[in-house]
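Have a look at data26.cif; it's mmCIF, C-alpha atoms; chains and numbers go by the auth columns:
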```cif
data_entry
#
loop_
_atom_site.group_PDB
_atom_site.id
_atom_site.type_symbol
_atom_site.label_atom_id
_atom_site.label_comp_id
_atom_site.label_asym_id
_atom_site.label_seq_id
_atom_site.Cartn_x
_atom_site.Cartn_y
_atom_site.Cartn_z
_atom_site.B_iso_or_equiv
_atom_site.auth_seq_id
_atom_site.auth_asym_id
ATOM 1 C CA MET A 1 107.111 81.790 51.984 0.00 1 A
ATOM 2 C CA ARG A 2 103.390 81.257 52.385 0.00 2 A
ATOM 3 C CA LYS A 3 103.808 81.282 56.178 0.00 3 A
ATOM 4 C CA HIS A 4 105.724 84.605 55.943 0.00 4 A
ATOM 5 C CA ALA A 5 103.014 86.167 53.757 0.00 5 A
ATOM 6 C CA LEU A 6 100.304 84.987 56.147 0.00 6 A
ATOM 7 C CA SER A 7 102.248 86.370 59.123 0.00 7 A
ATOM 8 C CA LYS A 8 102.713 89.686 57.306 0.00 8 A
ATOM 9 C CA LEU A 9 98.973 89.834 56.531 0.00 9 A
ATOM 10 C CA PHE A 10 98.017 89.214 60.175 0.00 10 A
ATOM 11 C CA THR A 11 100.536 91.795 61.393 0.00 11 A
ATOM 12 C CA THR A 12 99.285 94.384 58.920 0.00 12 A
ATOM 13 C CA SER A 13 95.677 93.640 59.844 0.00 13 A
ATOM 14 C CA ALA A 14 96.447 94.014 63.545 0.00 14 A
ATOM 15 C CA VAL A 15 98.217 97.338 62.993 0.00 15 A
ATOM 16 C CA VAL A 16 95.334 98.654 60.885 0.00 16 A
ATOM 17 C CA ALA A 17 92.766 97.472 63.438 0.00 17 A
ATOM 18 C CA LEU A 18 94.618 99.022 66.377 0.00 18 A
ATOM 19 C CA THR A 19 95.211 102.258 64.491 0.00 19 A
ATOM 20 C CA SER A 20 91.541 102.451 63.502 0.00 20 A
ATOM 21 C CA ILE A 21 90.441 101.872 67.077 0.00 21 A
ATOM 22 C CA SER A 22 92.819 104.495 68.459 0.00 22 A
ATOM 23 C CA CYS A 23 91.735 107.010 65.824 0.00 23 A
ATOM 24 C CA ALA A 24 88.061 106.313 66.525 0.00 24 A
ATOM 25 C CA CYS A 25 88.596 106.822 70.246 0.00 25 A
ATOM 26 C CA ALA A 26 90.654 109.985 69.852 0.00 26 A
ATOM 27 C CA LYS A 27 88.857 113.281 70.365 0.00 27 A
ATOM 28 C CA THR A 28 89.488 115.933 67.789 0.00 28 A
ATOM 29 C CA ASN A 29 90.452 119.325 69.133 0.00 29 A
ATOM 30 C CA PHE A 30 88.629 121.577 66.677 0.00 30 A
ATOM 31 C CA ASP A 31 90.183 124.689 68.177 0.00 31 A
ATOM 32 C CA GLU A 32 93.543 123.257 67.107 0.00 32 A
ATOM 33 C CA VAL A 33 92.098 122.343 63.696 0.00 33 A
ATOM 34 C CA GLY A 34 91.006 125.966 63.251 0.00 34 A
ATOM 35 C CA LYS A 35 94.433 127.211 64.289 0.00 35 A
ATOM 36 C CA GLN A 36 96.120 124.861 61.799 0.00 36 A
ATOM 37 C CA MET A 37 93.697 126.001 59.097 0.00 37 A
ATOM 38 C CA VAL A 38 94.785 129.584 59.747 0.00 38 A
ATOM 39 C CA MET A 39 98.424 128.614 59.293 0.00 39 A
ATOM 40 C CA LEU A 40 97.697 126.692 56.100 0.00 40 A
ATOM 41 C CA LEU A 41 95.632 129.458 54.548 0.00 41 A
ATOM 42 C CA SER A 42 98.133 132.117 55.599 0.00 42 A
ATOM 43 C CA ASN A 43 101.237 130.277 54.443 0.00 43 A
ATOM 44 C CA ALA A 44 100.406 127.494 52.007 0.00 44 A
ATOM 45 C CA HIS A 45 97.357 128.726 50.089 0.00 45 A
ATOM 46 C CA TYR A 46 98.168 130.388 46.771 0.00 46 A
ATOM 47 C CA GLU A 47 96.323 133.560 47.820 0.00 47 A
ATOM 48 C CA HIS A 48 98.146 133.823 51.195 0.00 48 A
ATOM 49 C CA TYR A 49 95.069 135.078 53.028 0.00 49 A
ATOM 50 C CA ASP A 50 95.486 137.866 55.541 0.00 50 A
ATOM 51 C CA PHE A 51 93.661 136.890 58.688 0.00 51 A
ATOM 52 C CA ASP A 52 92.083 140.231 59.372 0.00 52 A
ATOM 53 C CA GLU A 53 88.714 141.554 60.439 0.00 53 A
ATOM 54 C CA GLY A 54 87.332 141.276 56.882 0.00 54 A
ATOM 55 C CA LEU A 55 88.104 137.585 56.634 0.00 55 A
ATOM 56 C CA GLY A 56 86.738 137.026 60.134 0.00 56 A
ATOM 57 C CA LYS A 57 83.469 138.668 59.067 0.00 57 A
ATOM 58 C CA ARG A 58 83.318 136.427 55.994 0.00 58 A
ATOM 59 C CA PHE A 59 83.786 133.349 58.209 0.00 59 A
ATOM 60 C CA PHE A 60 81.088 134.601 60.562 0.00 60 A
ATOM 61 C CA ASP A 61 78.624 135.349 57.749 0.00 61 A
ATOM 62 C CA GLY A 62 79.363 131.986 56.144 0.00 62 A
ATOM 63 C CA TYR A 63 78.725 130.120 59.389 0.00 63 A
ATOM 64 C CA ILE A 64 75.428 131.919 60.055 0.00 64 A
ATOM 65 C CA LYS A 65 74.369 131.359 56.444 0.00 65 A
ATOM 66 C CA SER A 66 75.239 127.658 56.624 0.00 66 A
ATOM 67 C CA LEU A 67 72.940 127.299 59.629 0.00 67 A
ATOM 68 C CA ASP A 68 70.027 129.484 58.533 0.00 68 A
ATOM 69 C CA ARG A 69 70.257 130.329 54.828 0.00 69 A
ATOM 70 C CA ASN A 70 66.553 131.199 54.511 0.00 70 A
ATOM 71 C CA LYS A 71 66.442 133.282 57.682 0.00 71 A
ATOM 72 C CA GLN A 72 63.726 131.166 59.269 0.00 72 A
ATOM 73 C CA TYR A 73 65.243 130.284 62.637 0.00 73 A
ATOM 74 C CA PHE A 74 67.330 133.095 64.097 0.00 74 A
ATOM 75 C CA LEU A 75 65.857 136.438 65.031 0.00 75 A
ATOM 76 C CA LYS A 76 67.503 139.656 63.865 0.00 76 A
ATOM 77 C CA SER A 77 68.506 140.352 67.476 0.00 77 A
ATOM 78 C CA ASP A 78 70.251 136.941 67.669 0.00 78 A
ATOM 79 C CA VAL A 79 72.365 137.629 64.608 0.00 79 A
ATOM 80 C CA ASP A 80 73.090 141.201 65.714 0.00 80 A
ATOM 81 C CA MET A 81 74.195 139.974 69.155 0.00 81 A
ATOM 82 C CA PHE A 82 76.530 137.344 67.681 0.00 82 A
ATOM 83 C CA ARG A 83 77.855 139.778 65.074 0.00 83 A
ATOM 84 C CA LYS A 84 78.686 142.257 67.847 0.00 84 A
ATOM 85 C CA LYS A 85 80.234 139.551 70.008 0.00 85 A
ATOM 86 C CA TYR A 86 82.150 137.570 67.365 0.00 86 A
ATOM 87 C CA GLY A 87 81.841 139.262 63.963 0.00 87 A
ATOM 88 C CA ASP A 88 84.869 141.512 64.353 0.00 88 A
ATOM 89 C CA ASN A 89 87.152 139.101 66.164 0.00 89 A
ATOM 90 C CA LEU A 90 86.436 135.619 64.811 0.00 90 A
ATOM 91 C CA HIS A 91 89.755 135.712 62.955 0.00 91 A
ATOM 92 C CA GLN A 92 91.547 136.369 66.268 0.00 92 A
ATOM 93 C CA LEU A 93 89.720 133.487 67.946 0.00 93 A
ATOM 94 C CA LEU A 94 90.833 131.192 65.111 0.00 94 A
ATOM 95 C CA ILE A 95 94.440 132.335 65.370 0.00 95 A
ATOM 96 C CA GLN A 96 94.391 131.832 69.149 0.00 96 A
ATOM 97 C CA GLY A 97 92.735 128.424 68.857 0.00 97 A
ATOM 98 C CA LYS A 98 89.642 129.592 70.739 0.00 98 A
ATOM 99 C CA SER A 99 86.931 129.562 68.065 0.00 99 A
ATOM 100 C CA MET A 100 84.922 126.536 69.188 0.00 100 A
ATOM 101 C CA ALA A 101 83.260 128.320 72.104 0.00 101 A
ATOM 102 C CA ALA A 102 81.801 130.854 69.659 0.00 102 A
ATOM 103 C CA ALA A 103 80.735 128.141 67.208 0.00 103 A
ATOM 104 C CA LYS A 104 79.089 126.124 69.978 0.00 104 A
ATOM 105 C CA GLU A 105 77.272 129.152 71.385 0.00 105 A
ATOM 106 C CA ILE A 106 75.911 130.134 67.976 0.00 106 A
ATOM 107 C CA TYR A 107 74.958 126.553 67.147 0.00 107 A
ATOM 108 C CA GLY A 108 73.327 126.114 70.557 0.00 108 A
ATOM 109 C CA LEU A 109 70.995 129.052 69.962 0.00 109 A
ATOM 110 C CA TYR A 110 70.327 127.874 66.404 0.00 110 A
ATOM 111 C CA ARG A 111 69.327 124.470 67.718 0.00 111 A
ATOM 112 C CA LYS A 112 67.095 126.035 70.392 0.00 112 A
ATOM 113 C CA ARG A 113 65.382 128.278 67.810 0.00 113 A
ATOM 114 C CA ALA A 114 64.972 125.390 65.352 0.00 114 A
ATOM 115 C CA ASN A 115 63.328 123.250 68.033 0.00 115 A
ATOM 116 C CA GLU A 116 60.995 126.123 68.957 0.00 116 A
ATOM 117 C CA ARG A 117 60.008 126.608 65.296 0.00 117 A
ATOM 118 C CA ILE A 118 59.446 122.877 64.780 0.00 118 A
ATOM 119 C CA LYS A 119 57.253 122.638 67.901 0.00 119 A
ATOM 120 C CA TYR A 120 55.231 125.606 66.683 0.00 120 A
ATOM 121 C CA ALA A 121 54.780 124.013 63.239 0.00 121 A
ATOM 122 C CA GLN A 122 53.712 120.728 64.859 0.00 122 A
ATOM 123 C CA LYS A 123 51.181 122.613 66.988 0.00 123 A
ATOM 124 C CA LEU A 124 49.787 124.276 63.866 0.00 124 A
ATOM 125 C CA LEU A 125 49.542 120.952 62.058 0.00 125 A
ATOM 126 C CA LYS A 126 47.437 119.450 64.856 0.00 126 A
ATOM 127 C CA ASP A 127 44.640 121.795 63.781 0.00 127 A
ATOM 128 C CA GLU A 128 44.831 121.721 59.981 0.00 128 A
ATOM 129 C CA ALA A 129 41.199 122.804 59.792 0.00 129 A
ATOM 130 C CA SER A 130 42.211 126.262 60.999 0.00 130 A
ATOM 131 C CA PHE A 131 43.866 126.881 57.610 0.00 131 A
ATOM 132 C CA LYS A 132 41.264 128.329 55.242 0.00 132 A
ATOM 133 C CA PHE A 133 43.398 129.148 52.179 0.00 133 A
ATOM 134 C CA ASP A 134 41.126 132.101 51.453 0.00 134 A
ATOM 135 C CA SER A 135 43.507 135.048 51.541 0.00 135 A
ATOM 136 C CA ASP A 136 45.538 136.672 48.814 0.00 136 A
ATOM 137 C CA ARG A 137 48.759 136.621 50.831 0.00 137 A
ATOM 138 C CA THR A 138 52.032 135.690 49.224 0.00 138 A
ATOM 139 C CA VAL A 139 54.790 133.644 50.816 0.00 139 A
ATOM 140 C CA LEU A 140 58.423 134.293 50.024 0.00 140 A
ATOM 141 C CA LEU A 141 59.964 130.831 49.686 0.00 141 A
ATOM 142 C CA ASP A 142 63.531 131.901 48.946 0.00 142 A
ATOM 143 C CA ARG A 143 64.271 134.137 51.915 0.00 143 A
ATOM 144 C CA GLU A 144 68.035 134.347 51.445 0.00 144 A
ATOM 145 C CA ASN A 145 67.815 138.074 50.658 0.00 145 A
ATOM 146 C CA ALA A 146 64.980 138.779 53.107 0.00 146 A
ATOM 147 C CA GLU A 147 65.367 140.325 56.547 0.00 147 A
ATOM 148 C CA TRP A 148 65.576 138.213 59.689 0.00 148 A
ATOM 149 C CA PRO A 149 62.337 138.161 61.686 0.00 149 A
ATOM 150 C CA ALA A 150 62.587 141.050 64.144 0.00 150 A
ATOM 151 C CA THR A 151 60.471 139.487 66.907 0.00 151 A
ATOM 152 C CA GLU A 152 59.104 136.144 68.036 0.00 152 A
ATOM 153 C CA GLU A 153 55.713 137.273 66.772 0.00 153 A
ATOM 154 C CA ALA A 154 57.183 137.932 63.322 0.00 154 A
ATOM 155 C CA ALA A 155 58.880 134.513 63.400 0.00 155 A
ATOM 156 C CA ARG A 156 55.573 132.823 64.297 0.00 156 A
ATOM 157 C CA GLU A 157 53.812 134.661 61.461 0.00 157 A
ATOM 158 C CA LEU A 158 56.538 133.575 59.069 0.00 158 A
ATOM 159 C CA TRP A 159 56.194 129.957 60.185 0.00 159 A
ATOM 160 C CA TYR A 160 52.406 130.089 60.001 0.00 160 A
ATOM 161 C CA ASN A 161 52.700 131.235 56.384 0.00 161 A
ATOM 162 C CA LEU A 162 55.300 128.562 55.576 0.00 162 A
ATOM 163 C CA VAL A 163 53.174 125.782 57.086 0.00 163 A
ATOM 164 C CA GLU A 164 50.066 127.050 55.312 0.00 164 A
ATOM 165 C CA GLN A 165 51.945 127.211 52.006 0.00 165 A
ATOM 166 C CA SER A 166 53.237 123.659 52.491 0.00 166 A
ATOM 167 C CA LEU A 167 49.759 122.364 53.280 0.00 167 A
ATOM 168 C CA LEU A 168 48.300 124.101 50.240 0.00 168 A
ATOM 169 C CA SER A 169 51.063 122.745 47.999 0.00 169 A
ATOM 170 C CA GLU A 170 50.475 119.227 49.311 0.00 170 A
ATOM 171 C CA GLN A 171 46.718 119.502 48.774 0.00 171 A
ATOM 172 C CA LEU A 172 47.226 120.762 45.219 0.00 172 A
ATOM 173 C CA ARG A 173 49.656 117.907 44.559 0.00 173 A
ATOM 174 C CA ARG A 174 47.144 115.340 45.825 0.00 174 A
ATOM 175 C CA ASP A 175 44.336 116.919 43.798 0.00 175 A
ATOM 176 C CA SER A 176 46.525 116.819 40.688 0.00 176 A
ATOM 177 C CA ILE A 177 47.352 113.139 41.215 0.00 177 A
ATOM 178 C CA ALA A 178 43.680 112.304 41.792 0.00 178 A
ATOM 179 C CA GLU A 179 42.702 114.185 38.617 0.00 179 A
ATOM 180 C CA LEU A 180 45.359 112.352 36.583 0.00 180 A
ATOM 181 C CA ALA A 181 44.242 109.005 37.987 0.00 181 A
ATOM 182 C CA LYS A 182 40.627 109.834 37.123 0.00 182 A
ATOM 183 C CA GLU A 183 41.603 110.803 33.556 0.00 183 A
ATOM 184 C CA GLN A 184 43.507 107.538 33.159 0.00 184 A
ATOM 185 C CA GLY A 185 40.637 105.528 34.596 0.00 185 A
ATOM 186 C CA LYS A 186 42.508 104.356 37.667 0.00 186 A
#
```

Show the structure stored in the file as structure tokens.
Amino acid sequence: MRKHALSKLFTTSAVVALTSISCACAKTNFDEVGKQMVMLLSNAHYEHYDFDEGLGKRFFDGYIKSLDRNKQYFLKSDVDMFRKKYGDNLHQLLIQGKSMAAAKEIYGLYRKRANERIKYAQKLLKDEASFKFDSDRTVLLDRENAEWPATEEAARELWYNLVEQSLLSEQLRRDSIAELAKEQGK
């Protein structure tokens, strides 16, 4: 009996190991996943969603928002171009199992813009002395309801303001900690 249980354990372990390896090596076809999602939402969801232009627009807006909620990376022209290209037909691409090309294109530009913005911020941070903190400008931190930057120049200005605000906040934090330490005799 013990030998049978041990044999069963080894067999089960081997099956699990082989299954795990085959699953790890398998490539997921996300176009097919999207197509299956359409079928599930259309047929099995309690609301029985109609896959129409309105739902496609909601998917598009949700994807853009998930990438750039604070409107700091994309330009207005980027979003307008993608909305024109995919905004009205994303639902059709999902139904046809052809949505990944759109997702990859949008994500590719997002990644490019994010890298450009990060490089610009790093360049600004190399010369911290150029920040004077002597203006009465305000910086909108929650930009969810703001407009997308219209130009690269507007995007650079936005990022300059964000970096300056972050530096000022960090300096104020450090000053506050130093003041507390002084008051406590540390």

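Across A:Met37, A:Leu75, A:Ala114, A:Leu125, the tightest approach to A:Thr151 is made by A:Leu75 when counting only C-alpha atoms.
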
- So how far away is atom CA of A:Tyr73 from atom CA of A:Glu116, in Å?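 According to the coordinates, atom CA of A:Glu116 and atom CA of A:Tyr73 are separated by 8.7 Å.
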
- Task: Tell me which residues the PyMOL selection byres ((chain A and resi 76-83) around 7) grabs here, as a PyMOL selection string.
- Result: chain A and resi 74-75+84-87+148-150

- Item | Of the listed residues A:Ala101, A:Leu55, A:Leu41, A:Leu140, that which approaches A:Asn70 most closely, counting all atoms listed in the file |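 Of all the options, A:Leu140 lies closest to A:Asn70.
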
- Task: Please write the residues picked by the PyMOL selection byres ((chain A and resi 158-172) around 12) on this file as a count of residues only.
- Result: 54

How big is the axis-aligned box, and where does its centre sit, when it encloses all atoms of stretch 62-69 of chain A listed in the file and has 4 Å added on every side, reported in Å to one decimal as JSON?
```
{"center_x": 74.7, "center_y": 129.6, "center_z": 57.4, "size_x": 17.3, "size_y": 12.7, "size_z": 13.2}
```

- Which distance in Å separates atom CA of A:Ser99 and atom CA of A:Arg111, to one decimal?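 Those two atoms sit 18.3 Å apart.
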
- Task: Figure out the distance between atom CA of A:Gly97 and atom CA of A:Phe51, please, to one decimal in Å.
- Result: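 Atom-to-atom, atom CA of A:Phe51 and atom CA of A:Gly97 are spaced 13.3 Å apart.
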
- For the file shown, what are the residues hit by the PyMOL selection byres ((chain A and resi 54) around 12), laid out as a PyMOL selection string? chain A and resi 49-53+55-61+87-92

- Task: Check the smallest atom-to-atom distance from each of A:Arg69, A:Ile95, A:Asn145, A:Glu183 to A:Tyr110 using all atoms listed in the file, then report the winner.
- Result: A:Arg69

- Query: Which of these residues is nearest to A:Gly62, using only C-alpha atoms: A:Leu40, A:Leu180, A:Leu93, A:Ala103?
  - Reply: A:Ala103

- So, counting all atoms listed in the file, which residue among A:Arg113, A:Lys27, A:Lys65, A:Lys35 is closest to A:Gln96?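 Going through A:Arg113, A:Lys27, A:Lys65, A:Lys35 one by one, the smallest distance to A:Gln96 is for A:Lys35.
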